[in-house]
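A short worksheet on the structure shown next.
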Amino acid sequence: MRPSVMRSAAQLLRRRNYSSASGQQARKVAILGAAGGIGQPLSLLMKLNPLVSSLSLYDIAATPGVAADVSHINSPALVKGFMADDQLAEALDGADLVIIPAGVPRKPGMTRDDLFNINAGIVKNLCTAIAKYCPNALVNMISNPVNSTVPIAAEVFKKAGTYDEKRLFGVTTLDVVRARTFYAGKANVDVNTVDVPVVGGHAGITILPLFSQATPSTNALSAEEIKALTKRTQEGGTEVVEAKAGKGSATLSMAYAGAVFGDACLKGLNGVPDIVECSYVQSTVTELPFFASKVRLGKNGVEEVLGLGQLTQFEKEGLEALKGELKSSIEKGVAFANLV
Ligand code: NAI
């Protein structure tokens, strides 16, 4: 065994001891697309997460530099960079959680669906590798269009015989993060105390924030203001794409949201009770096979998919309006995954 391999194995053992001494499980997290606009700050945030013992950074380019850089941070997670196809197996081996921000982002004038042709293929290949090398990992899908990439992942896993609907998540946390921020600003309440469920999907009108269930509740907002908040949440991604003027889409706020959701998944795996986040998952909440709503996380991933609660007339109309688009995005993903 090479000295460097022995050294890292020894470090890993120490880490495992450290983890068991502190009563925590050693958890391996793999980030696929780790050198990208989202991947880099997400790698940084996951390196800071005390629940992570091993952090595997994979991309088709530039991961040695990102991994070297992040590895110097004095937090427990052991960081390793992996590049190109032949290192994907090692990157994924033994992962508890795989986060996927690989793929191209939007440019001004593009919808998330315009990314389909490139990102669908990337996601299909990465999920094929996940099925092979870490079939029991939780998968957090960030790559857009999430409304289609999650069904693609499900089909790939079904074909491989590894599908477990409890372990596949579309990351919609950025919609929740935006809804909280915009609501706190308008309602003039402390943003630290705010929560807003966001249901449906993750593109345009399929994003349905339920401001009637926002906490702390307020009577201060008019119907017009709720309508404007809803539209701003639905178009939050476009606001960033336009402000970046061709240099990509949300990366920093997305990395934050991805880290929040990844942390929730790890807490669930570790048996922390009452971890609830919104996510786009296999669902029976509506007639659609995939739908975002509040989800209780546990040791096996999804513990319970929670219902929609009481909706206002405006929200009921939003729900009906989103179903057609979400249905066709799901069908597009399923059809793509089943092309030979
Ligand atoms: P980026 O272009 O900056 O980074 C993408 C990275 O993926 C690059 O480093 C690239 O080398 C890598 N990559 C490409 N093919 C790969 C493969 N086969 N295996 C591993 N890595 C691969 O893009 P950015 O801004 O980081 O966005 C990534 C994705 O996240 C996009 O699809 C974007 O639309 C999506 N996104 C999702 C959000 C959400 O709320 N779920 C919010 C914002 C963006």
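Residues are referred to by chain and number: the chain letter is A, B, ... according to the order shown in the structure tokens, the number counts from 1 in that chain, and ligands are numbered separately from 1 in the order shown.
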Would you kindly return, as a CSV table (one decimal) with all heavy atoms, in the first residue's frame, each protein, DNA or RNA residue with an atom no farther than 7 Å from any atom of Ala102 in chain A, considering only C-alpha atoms and excluding same-chain residues fewer than 5 positions away?
```csv
chain,number,residue,atom,x,y,z
A,32,LEU,N,-21.6,15.4,-7.1
A,32,LEU,CA,-21.4,15.1,-8.5
A,32,LEU,C,-21.6,16.4,-9.3
A,32,LEU,O,-22.8,16.9,-9.3
A,32,LEU,CB,-22.2,14.0,-9.1
A,32,LEU,CG,-22.3,12.7,-8.2
A,32,LEU,CD1,-23.1,11.6,-8.9
A,32,LEU,CD2,-20.9,12.2,-7.9
A,33,GLY,N,-20.5,17.0,-9.8
A,33,GLY,CA,-20.6,18.3,-10.4
A,33,GLY,C,-20.0,19.3,-9.4
A,33,GLY,O,-20.4,20.5,-9.4
A,143,SER,N,-29.9,19.1,-10.4
A,143,SER,CA,-29.8,19.4,-11.8
A,143,SER,C,-31.2,19.6,-12.4
A,143,SER,O,-32.1,18.7,-12.2
A,143,SER,CB,-29.1,18.2,-12.6
A,143,SER,OG,-27.9,17.9,-12.0
```
Protein and nucleic acid residues within 6 Å of ligand 1 (only C-alpha atoms and all ligand atoms) as a PDB file with C-alpha atoms, in the first residue's frame:
```pdb
ATOM      1  CA  LEU A  32     -21.350  15.120  -8.501  1.00  0.00           C
ATOM      2  CA  GLY A  33     -20.612  18.325 -10.409  1.00  0.00           C
ATOM      3  CA  ALA A  35     -16.390  21.985  -9.523  1.00  0.00           C
ATOM      4  CA  GLY A  36     -19.332  24.001 -10.859  1.00  0.00           C
ATOM      5  CA  GLY A  37     -20.966  27.231  -9.800  1.00  0.00           C
ATOM      6  CA  ILE A  38     -23.168  25.407  -7.283  1.00  0.00           C
ATOM      7  CA  GLY A  39     -20.770  22.527  -6.670  1.00  0.00           C
ATOM      8  CA  ASP A  59     -16.637  16.359 -11.672  1.00  0.00           C
ATOM      9  CA  ILE A  60     -15.477  15.855 -15.242  1.00  0.00           C
ATOM     10  CA  ALA A  61     -12.926  18.665 -14.741  1.00  0.00           C
ATOM     11  CA  PRO A 101     -25.586  19.633  -9.205  1.00  0.00           C
ATOM     12  CA  ALA A 102     -23.988  18.421 -12.485  1.00  0.00           C
ATOM     13  CA  GLY A 103     -25.106  19.919 -15.772  1.00  0.00           C
ATOM     14  CA  VAL A 104     -25.593  23.202 -17.585  1.00  0.00           C
ATOM     15  CA  PRO A 105     -27.424  26.162 -16.016  1.00  0.00           C
ATOM     16  CA  ARG A 106     -29.907  28.523 -17.699  1.00  0.00           C
ATOM     17  CA  ILE A 122     -25.813  13.599 -17.676  1.00  0.00           C
ATOM     18  CA  ILE A 142     -30.373  19.557  -8.045  1.00  0.00           C
ATOM     19  CA  SER A 143     -29.798  19.354 -11.840  1.00  0.00           C
ATOM     20  CA  ASN A 144     -32.592  20.964 -13.824  1.00  0.00           C
ATOM     21  CA  VAL A 171     -34.191  19.570  -4.236  1.00  0.00           C
ATOM     22  CA  THR A 172     -36.783  22.371  -4.116  1.00  0.00           C
ATOM     23  CA  LEU A 174     -34.334  27.121  -2.890  1.00  0.00           C
ATOM     24  CA  GLY A 248     -25.352  31.275 -15.187  1.00  0.00           C
ATOM     25  CA  SER A 249     -28.171  30.875 -12.696  1.00  0.00           C
ATOM     26  CA  ALA A 250     -28.444  30.852  -8.905  1.00  0.00           C
ATOM     27  CA  THR A 251     -25.325  29.272  -7.419  1.00  0.00           C
ATOM     28  CA  MET A 254     -28.668  27.254  -4.325  1.00  0.00           C
TER      29      MET A 254
END
```
Checklist entry - If you count only C-alpha atoms, which residues fall within 12 Å of Leu221 in chain A, apart from same-chain ones fewer than 2 positions away, as number ranges by chain? => result A: 183-189, 211-212, 214, 217-219, 223-229
Checklist outcome for this item: One residue among A:Phe314, A:Phe261, A:Phe157, A:Tyr163 is nearest to Ala337 in chain A when using only C-alpha atoms, and that residue is A:Phe157
Checklist entry - Got a sec: who's within 10 Å of range 285-288 of chain A, counting only C-alpha atoms, leaving out chain neighbours fewer than 3 positions off, as a list in words? => result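 Close residues of range 285-288 of chain A: Gly200, Gln282, Phe291, Ala292, Ser293, Val305, Leu306, Gly307, Leu308, Leu319, Lys323, Gly324, Leu326, Lys327 and Ile330 of chain A.
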Now that the selection is made, can you save its residues with N, CA and C atoms as an mmCIF file, in the first residue's frame?
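Contents of the output file again_5.cif:
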```cif
data_model
loop_
_atom_site.group_PDB
_atom_site.id
_atom_site.type_symbol
_atom_site.label_atom_id
_atom_site.label_comp_id
_atom_site.auth_asym_id
_atom_site.auth_seq_id
_atom_site.Cartn_x
_atom_site.Cartn_y
_atom_site.Cartn_z
ATOM 1 N N GLY A 200 -45.727 21.388 -5.260
ATOM 2 C CA GLY A 200 -45.856 21.294 -6.710
ATOM 3 C C GLY A 200 -44.618 20.750 -7.365
ATOM 4 N N GLN A 282 -41.638 10.944 -5.049
ATOM 5 C CA GLN A 282 -42.770 10.097 -5.462
ATOM 6 C C GLN A 282 -43.894 10.324 -4.463
ATOM 7 N N PHE A 291 -44.401 14.854 -6.879
ATOM 8 C CA PHE A 291 -44.982 16.119 -6.428
ATOM 9 C C PHE A 291 -44.166 16.600 -5.233
ATOM 10 N N ALA A 292 -43.966 17.903 -5.140
ATOM 11 C CA ALA A 292 -43.258 18.449 -3.971
ATOM 12 C C ALA A 292 -44.254 18.815 -2.879
ATOM 13 N N SER A 293 -43.943 18.378 -1.678
ATOM 14 C CA SER A 293 -44.720 18.792 -0.510
ATOM 15 C C SER A 293 -43.832 18.569 0.701
ATOM 16 N N VAL A 305 -44.791 11.306 3.544
ATOM 17 C CA VAL A 305 -45.072 12.446 2.668
ATOM 18 C C VAL A 305 -46.320 13.122 3.225
ATOM 19 N N LEU A 306 -46.188 14.377 3.613
ATOM 20 C CA LEU A 306 -47.303 15.066 4.271
ATOM 21 C C LEU A 306 -48.215 15.714 3.224
ATOM 22 N N GLY A 307 -49.448 15.875 3.582
ATOM 23 C CA GLY A 307 -50.457 16.421 2.653
ATOM 24 C C GLY A 307 -50.352 17.937 2.513
ATOM 25 N N LEU A 308 -51.327 18.491 1.791
ATOM 26 C CA LEU A 308 -51.249 19.914 1.453
ATOM 27 C C LEU A 308 -51.867 20.834 2.506
ATOM 28 N N LEU A 319 -52.884 25.254 -7.900
ATOM 29 C CA LEU A 319 -52.650 23.807 -7.924
ATOM 30 C C LEU A 319 -53.201 23.200 -9.215
ATOM 31 N N LYS A 323 -50.857 21.456 -12.811
ATOM 32 C CA LYS A 323 -50.845 19.999 -13.018
ATOM 33 C C LYS A 323 -50.479 19.585 -14.448
ATOM 34 N N GLY A 324 -50.982 20.320 -15.439
ATOM 35 C CA GLY A 324 -50.727 19.950 -16.830
ATOM 36 C C GLY A 324 -49.235 19.990 -17.150
ATOM 37 N N LEU A 326 -46.665 20.017 -15.070
ATOM 38 C CA LEU A 326 -45.879 19.060 -14.272
ATOM 39 C C LEU A 326 -46.043 17.649 -14.833
ATOM 40 N N LYS A 327 -47.270 17.318 -15.215
ATOM 41 C CA LYS A 327 -47.522 15.981 -15.792
ATOM 42 C C LYS A 327 -46.682 15.777 -17.046
ATOM 43 N N ILE A 330 -43.008 15.254 -16.242
ATOM 44 C CA ILE A 330 -42.762 13.908 -15.692
ATOM 45 C C ILE A 330 -42.732 12.900 -16.837
#
```
Next on the checklist: DSSP on the backbone, helix (DSSP H, G or I) only: what residues of range 235-307 of chain A does that give? Format it as a count of residues only.
Outcome noted: 27
Checklist entry - Would you give me, as a ChimeraX atom specification, the residues in range 6-221 of chain A that DSSP reads as strand (DSSP E)? => result /A:28-32,54-59,78-83,97-100,138-141,168-170,198-200,207-209
Checklist outcome for this item: Correct to one decimal, the distance CA of Glu235 in chain A-CA of Asp113 in chain A is 14.3 Å
